[in-house]
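K.L.:
Provided below: target-v6.cif, containing mmCIF, C-alpha atoms and all ligand atoms.
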```
data_entry
#
loop_
_atom_site.label_atom_id
_atom_site.label_comp_id
_atom_site.auth_asym_id
_atom_site.auth_seq_id
_atom_site.Cartn_x
_atom_site.Cartn_y
_atom_site.Cartn_z
CA MET A 1 -4.59 -103.05 151.31
CA ALA A 2 -7.02 -105.56 149.87
CA SER A 3 -7.10 -109.19 148.96
CA GLY A 4 -9.13 -111.03 146.36
CA LYS A 5 -10.32 -114.59 146.71
CA ALA A 6 -7.50 -116.33 144.89
CA THR A 7 -5.03 -113.53 144.25
CA PRO A 8 -3.39 -111.79 147.18
CA PHE A 9 -2.58 -108.28 146.13
CA GLU A 10 -2.03 -104.78 147.43
CA LEU A 11 -4.07 -102.13 145.69
CA ARG A 12 -3.28 -98.41 145.83
CA THR A 13 -5.43 -95.87 144.09
CA PHE A 14 -4.37 -92.38 143.01
CA PRO A 15 -6.21 -89.34 141.68
CA ASP A 16 -4.81 -89.60 138.14
CA GLY A 17 -2.21 -91.13 135.85
CA GLU A 18 0.43 -88.60 136.82
CA ALA A 19 0.13 -89.60 140.49
CA VAL A 20 0.30 -93.29 139.51
CA ALA A 21 3.51 -92.63 137.55
CA ARG A 22 5.06 -90.63 140.40
CA ALA A 23 4.27 -93.32 142.97
CA ALA A 24 5.62 -95.99 140.63
CA ALA A 25 8.85 -93.99 140.18
CA ASP A 26 9.27 -93.85 143.96
CA GLU A 27 8.64 -97.59 144.20
CA PHE A 28 11.11 -98.26 141.37
CA ALA A 29 13.79 -96.22 143.17
CA ARG A 30 13.07 -97.88 146.52
CA VAL A 31 13.27 -101.44 145.13
CA ALA A 32 16.37 -100.69 143.04
CA ALA A 33 18.23 -99.17 145.98
CA ALA A 34 17.28 -102.04 148.32
CA ALA A 35 18.26 -104.73 145.81
CA VAL A 36 21.62 -103.10 145.09
CA ALA A 37 22.30 -102.66 148.82
CA GLU A 38 21.55 -106.33 149.36
CA ARG A 39 22.96 -108.03 146.26
CA GLY A 40 25.02 -105.44 144.43
CA ARG A 41 22.62 -105.23 141.50
CA ALA A 42 18.96 -104.84 140.63
CA ALA A 43 17.22 -106.78 137.85
CA ILE A 44 14.10 -105.02 136.65
CA ALA A 45 11.72 -105.96 133.85
CA LEU A 46 9.95 -103.03 132.21
CA ALA A 47 6.46 -102.90 130.77
CA GLY A 48 5.52 -101.67 127.33
CA GLY A 49 2.38 -100.00 126.06
CA SER A 50 1.59 -96.37 126.75
CA THR A 51 0.93 -96.25 130.51
CA PRO A 52 4.55 -96.57 131.79
CA ARG A 53 5.97 -93.88 129.47
CA ARG A 54 5.36 -91.15 132.02
CA LEU A 55 7.02 -93.25 134.74
CA TYR A 56 10.14 -93.60 132.58
CA GLN A 57 10.17 -89.86 131.89
CA ILE A 58 9.91 -89.11 135.60
CA LEU A 59 12.82 -91.44 136.32
CA ALA A 60 14.97 -89.41 133.92
CA GLU A 61 14.06 -86.06 135.53
CA ARG A 62 16.75 -84.22 137.45
CA GLY A 63 16.34 -82.85 140.96
CA ALA A 64 17.83 -83.34 144.41
CA GLU A 65 14.57 -84.92 145.59
CA ALA A 66 13.83 -86.71 142.31
CA PRO A 67 13.66 -90.53 142.27
CA ARG A 68 16.60 -90.37 139.83
CA ALA A 69 18.89 -89.24 142.66
CA LYS A 70 18.04 -92.40 144.65
CA VAL A 71 18.50 -94.99 141.89
CA PRO A 72 21.93 -96.71 141.75
CA TRP A 73 21.92 -96.53 137.96
CA ASP A 74 25.24 -98.29 137.31
CA ALA A 75 24.05 -101.44 139.08
CA LEU A 76 20.70 -101.57 137.34
CA HIS A 77 19.95 -104.25 134.75
CA LEU A 78 16.92 -103.59 132.58
CA PHE A 79 14.88 -106.23 130.79
CA TRP A 80 11.42 -106.17 129.20
CA GLY A 81 8.40 -108.30 130.07
CA ASP A 82 7.38 -108.33 126.44
CA GLU A 83 8.10 -106.84 123.04
CA ARG A 84 6.30 -106.28 119.77
CA HIS A 85 7.72 -108.15 116.76
CA VAL A 86 9.32 -105.07 115.22
CA SER A 87 12.75 -103.47 114.95
CA PRO A 88 14.02 -101.32 117.85
CA GLU A 89 13.48 -98.20 115.68
CA HIS A 90 9.84 -98.99 114.95
CA ALA A 91 7.16 -96.71 116.43
CA ASP A 92 5.51 -99.75 118.09
CA SER A 93 8.71 -100.95 119.79
CA ASN A 94 8.57 -101.06 123.58
CA TYR A 95 12.34 -100.68 123.57
CA ARG A 96 12.08 -97.51 121.49
CA MET A 97 9.48 -96.04 123.85
CA THR A 98 11.78 -96.73 126.79
CA ARG A 99 14.83 -95.40 124.97
CA GLU A 100 13.13 -92.12 124.18
CA ALA A 101 11.65 -91.68 127.66
CA LEU A 102 14.55 -92.94 129.77
CA LEU A 103 17.57 -94.59 128.17
CA ASP A 104 18.59 -91.56 126.10
CA ALA A 105 19.29 -89.75 129.38
CA GLY A 106 22.40 -91.96 129.51
CA LEU A 107 21.93 -93.23 133.06
CA VAL A 108 21.96 -96.97 132.41
CA PRO A 109 25.19 -98.51 131.07
CA ALA A 110 24.55 -99.93 127.59
CA ALA A 111 25.82 -103.35 128.67
CA ASN A 112 23.06 -103.46 131.31
CA VAL A 113 20.24 -103.00 128.81
CA HIS A 114 18.95 -106.45 127.88
CA ARG A 115 16.53 -105.84 125.06
CA ILE A 116 14.58 -108.49 123.19
CA ARG A 117 15.92 -109.06 119.63
CA ALA A 118 12.51 -108.50 118.13
CA GLU A 119 13.96 -107.39 114.81
CA LEU A 120 14.68 -111.04 113.96
CA ALA A 121 12.34 -112.39 111.30
CA ASP A 122 11.62 -115.45 113.44
CA ALA A 123 9.88 -114.41 116.68
CA ALA A 124 10.50 -117.88 118.15
CA GLU A 125 14.23 -117.34 117.66
CA ALA A 126 13.98 -113.96 119.40
CA ALA A 127 12.24 -115.67 122.35
CA ARG A 128 14.87 -118.41 122.41
CA LEU A 129 17.75 -115.92 122.45
CA TYR A 130 16.05 -113.91 125.18
CA GLU A 131 15.65 -117.05 127.28
CA GLU A 132 19.32 -117.83 126.72
CA GLU A 133 20.29 -114.33 127.85
CA LEU A 134 18.18 -114.66 130.99
CA ARG A 135 19.66 -118.05 131.80
CA ALA A 136 23.18 -116.67 131.48
CA PHE A 137 22.47 -113.47 133.42
CA PHE A 138 20.76 -115.22 136.32
CA ARG A 139 23.12 -118.24 136.08
CA LEU A 140 20.17 -120.63 135.99
CA ARG A 141 20.35 -124.38 136.03
CA ALA A 142 17.93 -126.37 133.86
CA SER A 143 14.87 -126.27 136.10
CA GLU A 144 15.47 -122.91 137.75
CA TRP A 145 13.55 -119.66 137.26
CA PRO A 146 14.95 -116.15 137.40
CA ARG A 147 14.07 -113.96 140.35
CA PHE A 148 13.59 -110.38 139.20
CA ASP A 149 13.64 -107.70 141.88
CA LEU A 150 10.82 -105.86 140.16
CA MET A 151 8.62 -106.55 137.15
CA LEU A 152 6.41 -103.76 135.84
CA LEU A 153 3.23 -104.76 134.08
CA GLY A 154 0.22 -103.20 132.41
CA MET A 155 -3.20 -104.63 131.75
CA GLY A 156 -5.23 -104.44 128.56
CA ALA A 157 -9.00 -103.92 128.57
CA ASP A 158 -9.23 -107.56 127.35
CA GLY A 159 -7.44 -108.76 130.50
CA HIS A 160 -4.06 -109.46 128.89
CA THR A 161 -0.79 -108.57 130.55
CA ALA A 162 2.68 -108.45 129.01
CA SER A 163 1.90 -110.36 125.76
CA LEU A 164 -0.09 -113.05 127.51
CA PHE A 165 -3.27 -112.67 125.48
CA PRO A 166 -6.45 -114.69 126.06
CA GLY A 167 -6.51 -117.80 123.91
CA THR A 168 -2.77 -117.97 123.22
CA ASP A 169 -0.52 -120.88 124.17
CA ALA A 170 1.81 -118.53 126.04
CA VAL A 171 -0.80 -118.26 128.79
CA GLY A 172 -0.27 -121.96 129.59
CA GLU A 173 3.52 -121.93 129.21
CA VAL A 174 5.04 -123.57 132.28
CA ARG A 175 8.40 -124.77 130.94
CA ARG A 176 10.02 -122.02 128.89
CA LEU A 177 11.00 -118.58 130.15
CA ALA A 178 9.96 -116.80 126.99
CA ALA A 179 7.36 -117.50 124.31
CA SER A 180 6.38 -116.04 120.94
CA PRO A 181 2.58 -116.17 120.69
CA TRP A 182 0.67 -115.33 117.53
CA VAL A 183 -1.81 -112.64 118.54
CA GLU A 184 -4.71 -112.94 116.15
CA LYS A 185 -6.36 -109.65 117.08
CA PHE A 186 -3.24 -107.76 115.96
CA LYS A 187 -2.22 -110.31 113.29
CA THR A 188 1.32 -110.39 114.61
CA TYR A 189 3.68 -112.32 116.81
CA ARG A 190 4.76 -110.96 120.15
CA ILE A 191 7.62 -112.03 122.39
CA THR A 192 6.76 -112.39 126.06
CA LEU A 193 8.03 -113.80 129.30
CA SER A 194 5.96 -116.72 130.56
CA PRO A 195 3.69 -116.68 133.62
CA PRO A 196 6.15 -118.59 135.88
CA VAL A 197 8.82 -115.93 135.31
CA PHE A 198 6.49 -113.22 136.61
CA ASN A 199 5.42 -115.49 139.45
CA HIS A 200 8.99 -116.02 140.64
CA ALA A 201 9.61 -112.27 140.95
CA ALA A 202 10.25 -110.62 144.29
CA GLU A 203 7.73 -107.95 143.28
CA VAL A 204 5.37 -107.27 140.40
CA LEU A 205 3.82 -103.85 139.97
CA PHE A 206 0.82 -103.34 137.69
CA LEU A 207 0.06 -99.83 136.45
CA VAL A 208 -3.52 -99.38 135.31
CA THR A 209 -5.16 -96.12 134.32
CA GLY A 210 -8.28 -94.99 132.52
CA ALA A 211 -12.01 -95.65 132.66
CA ASP A 212 -11.79 -98.14 129.77
CA LYS A 213 -9.99 -100.55 132.13
CA ALA A 214 -12.44 -100.22 135.04
CA ALA A 215 -14.73 -103.16 134.27
CA THR A 216 -11.80 -105.47 133.53
CA LEU A 217 -9.90 -104.40 136.63
CA ARG A 218 -12.91 -105.30 138.72
CA GLU A 219 -13.19 -108.72 137.06
CA VAL A 220 -9.46 -109.41 137.37
CA LEU A 221 -9.16 -108.42 141.01
CA GLU A 222 -12.57 -109.25 142.41
CA GLY A 223 -14.22 -111.63 139.95
CA GLU A 224 -14.18 -115.41 139.79
CA PRO A 225 -10.86 -116.91 138.71
CA ASP A 226 -10.89 -117.30 134.92
CA PRO A 227 -7.25 -116.89 133.86
CA ALA A 228 -7.74 -118.34 130.37
CA ARG A 229 -10.02 -115.37 129.63
CA LEU A 230 -8.24 -112.92 131.94
CA PRO A 231 -4.50 -113.74 131.82
CA SER A 232 -3.72 -110.92 134.28
CA GLN A 233 -5.21 -113.17 136.95
CA LEU A 234 -2.34 -115.62 136.38
CA ILE A 235 0.14 -113.22 137.89
CA ARG A 236 0.48 -113.81 141.59
CA PRO A 237 4.07 -114.29 142.77
CA ALA A 238 4.30 -117.26 145.11
CA ASP A 239 6.97 -115.67 147.27
CA GLY A 240 6.74 -111.99 146.47
CA ARG A 241 4.56 -108.91 146.45
CA CYS A 242 1.86 -108.17 143.94
CA LEU A 243 1.11 -104.45 143.78
CA TRP A 244 -1.57 -102.78 141.69
CA PHE A 245 -1.37 -98.99 141.24
CA ALA A 246 -4.55 -97.66 139.64
CA ASP A 247 -5.94 -94.23 139.02
CA ARG A 248 -9.40 -93.29 140.26
CA ALA A 249 -10.97 -93.87 136.84
CA ALA A 250 -9.66 -97.43 136.52
CA ALA A 251 -10.53 -98.23 140.15
CA ALA A 252 -14.03 -96.75 139.94
CA ARG A 253 -15.84 -100.10 139.82
CA LEU A 254 -13.92 -101.84 142.55
CA ARG A 255 -15.66 -102.70 145.78
CA GLY A 256 -15.54 -99.76 148.14
CA ALA A 257 -14.66 -97.30 145.37
CA GLY A 258 -16.40 -94.02 146.07
C1 LIG B 301 2.60 -104.13 125.37
C2 LIG B 301 2.44 -104.46 126.79
C3 LIG B 301 1.04 -104.69 127.24
C4 LIG B 301 0.52 -103.42 127.89
C5 LIG B 301 -0.97 -103.42 127.96
C6 LIG B 301 -1.50 -102.08 128.45
O1 LIG B 301 3.64 -104.41 124.80
O2 LIG B 301 1.65 -103.56 124.82
O3 LIG B 301 3.48 -104.71 127.57
O4 LIG B 301 0.82 -105.77 128.05
O5 LIG B 301 1.06 -103.27 129.16
O6 LIG B 301 -1.49 -103.65 126.68
O7 LIG B 301 -1.15 -101.12 127.51
P1 LIG B 301 -1.42 -99.59 127.70
O8 LIG B 301 -0.58 -99.11 128.80
O9 LIG B 301 -1.03 -98.98 126.38
O10 LIG B 301 -2.89 -99.47 127.98
#
```
Have the structure of the file written as structure tokens, please.
Ligand code: 6PG
P.N.:
Amino acid sequence: MASGKATPFELRTFPDGEAVARAAADEFARVAAAAVAERGRAAIALAGGSTPRRLYQILAERGAEAPRAKVPWDALHLFWGDERHVSPEHADSNYRMTREALLDAGLVPAANVHRIRAELADAAEAARLYEEELRAFFRLRASEWPRFDLMLLGMGADGHTASLFPGTDAVGEVRRLAASPWVEKFKTYRITLSPPVFNHAAEVLFLVTGADKAATLREVLEGEPDPARLPSQLIRPADGRCLWFADRAAAARLRGAG
């Protein structure tokens, strides 16, 4: 357990990426089961990128003791924190990565998979439709925010999370649920949930692995607040938990790291 100056968080470190993924799968199963027991359903936003792939594969694995056996799959609703502006068949698609690692196992009812329509030519339209879907699913009134049971996130070495990249308007979005920033470094649009959506979650769980993230992880968790440069610092649920699962390599530069 640790706490930074401005961002209360719980940090857990693990020997390697495999251990991070296994712990995250256990946490996923625990939160899903608790939410379904309490409210009859669990709303979970998935992360993209490469780090969570192993977590999704582990969730699909069979076994009496496997996390899969503890997840109430029929009552699970899956969303994404962000998506690349490509079709669902594209190699860069976060949806495709999740489909191959988890959804193809056939555990989640198709009607419960709420993907971002990133194949639309207009990314702003994709963001607008996604916002509409969220408003309908969570039955939100005009000024209300959704409350996800769990939101998975990753962090880039530049400090971005979801598709909240430094220098983009999405970082300052406080009104809309979803935005479609132009990301100059990749010369593409992305579709992303806005910071207040993450900050209204019951729990956010960051997965961070690899030595290339170590310096940034230290800055994000222990450095001075500078969220315009390090958007990951924006994520701190007001009434929820903020968990960071890191492997030893990513955590190597944190205070107290051995
Ligand atoms: C995406 C993401 C993004 C990701 C980080 C870390 O669509 O790329 O959701 O925010 O989590 O870039 O990515 P890696 O896990 O690949 O390092």
K.L.:
Enclose ligand LIG 301 (chain B), meaning all of its atoms listed in the file, in a box aligned along x, y and z, pad it by 3 Å on each side, and list the centre and edge lengths in Å to one decimal, as lines of an AutoDock Vina configuration file.
P.N.:
```
center_x = 0.4
center_y = -102.4
center_z = 127.0
size_x = 12.5
size_y = 12.8
size_z = 10.4
```
K.L.:
Residues within 9 Å of ligand LIG 301 (chain B), counting only C-alpha atoms and all ligand atoms: report them as a PyMOL selection string.
P.N.:
chain A and resi 46-53+80-84+92-94+152-165+190-192+206-210+213
K.L.:
For Pro72 (chain A), which residue out of A:Glu173, A:Leu107, A:Ala246, A:Ala228 is the nearest one, using only C-alpha atoms?
P.N.:
A:Leu107
K.L.:
Please measure the separation of CA of Ala75 (chain A) and CA of Ala42 (chain A), giving the value in Å to one decimal.
P.N.:
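Atom-to-atom, CA of Ala75 (chain A) and CA of Ala42 (chain A) are spaced 6.3 Å apart.
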K.L.:
Measuring atom to atom with all atoms listed in the file, identify which of A:Arg255, A:Arg241, A:Arg248, A:Arg117 is nearest to Asp16 (chain A).
P.N.:
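Going through A:Arg255, A:Arg241, A:Arg248, A:Arg117 one by one, the smallest distance to Asp16 (chain A) is for A:Arg248.
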K.L.:
What does the structure give for the distance between CA of Ala21 (chain A) and CA of Gly240 (chain A), in Å to one decimal?
P.N.:
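Taking CA of Ala21 (chain A) as the start and CA of Gly240 (chain A) as the end point, the length is 21.6 Å.
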K.L.:
Given the choices A:Ala37, A:Ala127, A:Val197, A:Ala45, which gets closest to His114 (chain A) if the distance is worked out from all atoms listed in the file?
P.N.:
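Among the listed residues, A:Ala45 lies closest to His114 (chain A).
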K.L.:
Could you jot down the CA of Glu89 (chain A) to CA of Ala124 (chain A) separation for me, Å, one decimal place?
P.N.:
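Distance between the two atoms: 20.1 Å.
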K.L.:
Return the single residue from A:Thr216, A:Asp74, A:Ala91, A:Ala126 that is closest to Val113 (chain A), with distances computed using only C-alpha atoms.
P.N.:
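The closest residue to Val113 (chain A) is A:Asp74.
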K.L.:
Pick from A:Glu125, A:Ala214, A:Pro227, A:Ala60: nearest to Thr168 (chain A), with only C-alpha atoms counted?
P.N.:
A:Pro227
K.L.:
Counting only C-alpha atoms, which of A:Leu78, A:Cys242, A:Ala121, A:Tyr56 gets nearest to Glu100 (chain A)?
P.N.:
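Closest candidate: A:Tyr56.
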K.L.:
Find the residues around Ala249 (chain A) up to 12 Å (all atoms listed in the file counted), leave out those fewer than 4 positions away in its own chain, and share them as a PDB file with C-alpha atoms, in the frame of the given file.
P.N.:
```pdb
ATOM      1  CA  THR A  13      -5.430 -95.870 144.090  1.00  0.00           C
ATOM      2  CA  PHE A  14      -4.370 -92.380 143.010  1.00  0.00           C
ATOM      3  CA  PRO A  15      -6.210 -89.340 141.680  1.00  0.00           C
ATOM      4  CA  ASP A  16      -4.810 -89.600 138.140  1.00  0.00           C
ATOM      5  CA  GLY A  17      -2.210 -91.130 135.850  1.00  0.00           C
ATOM      6  CA  VAL A  20       0.300 -93.290 139.510  1.00  0.00           C
ATOM      7  CA  VAL A 208      -3.520 -99.380 135.310  1.00  0.00           C
ATOM      8  CA  THR A 209      -5.160 -96.120 134.320  1.00  0.00           C
ATOM      9  CA  GLY A 210      -8.280 -94.990 132.520  1.00  0.00           C
ATOM     10  CA  ALA A 211     -12.010 -95.650 132.660  1.00  0.00           C
ATOM     11  CA  ASP A 212     -11.790 -98.140 129.770  1.00  0.00           C
ATOM     12  CA  LYS A 213      -9.990-100.550 132.130  1.00  0.00           C
ATOM     13  CA  ALA A 214     -12.440-100.220 135.040  1.00  0.00           C
ATOM     14  CA  ALA A 215     -14.730-103.160 134.270  1.00  0.00           C
ATOM     15  CA  LEU A 217      -9.900-104.400 136.630  1.00  0.00           C
ATOM     16  CA  ARG A 218     -12.910-105.300 138.720  1.00  0.00           C
ATOM     17  CA  PHE A 245      -1.370 -98.990 141.240  1.00  0.00           C
ATOM     18  CA  ARG A 253     -15.840-100.100 139.820  1.00  0.00           C
ATOM     19  CA  LEU A 254     -13.920-101.840 142.550  1.00  0.00           C
ATOM     20  CA  ALA A 257     -14.660 -97.300 145.370  1.00  0.00           C
ATOM     21  CA  GLY A 258     -16.400 -94.020 146.070  1.00  0.00           C
TER      22      GLY A 258
END
```
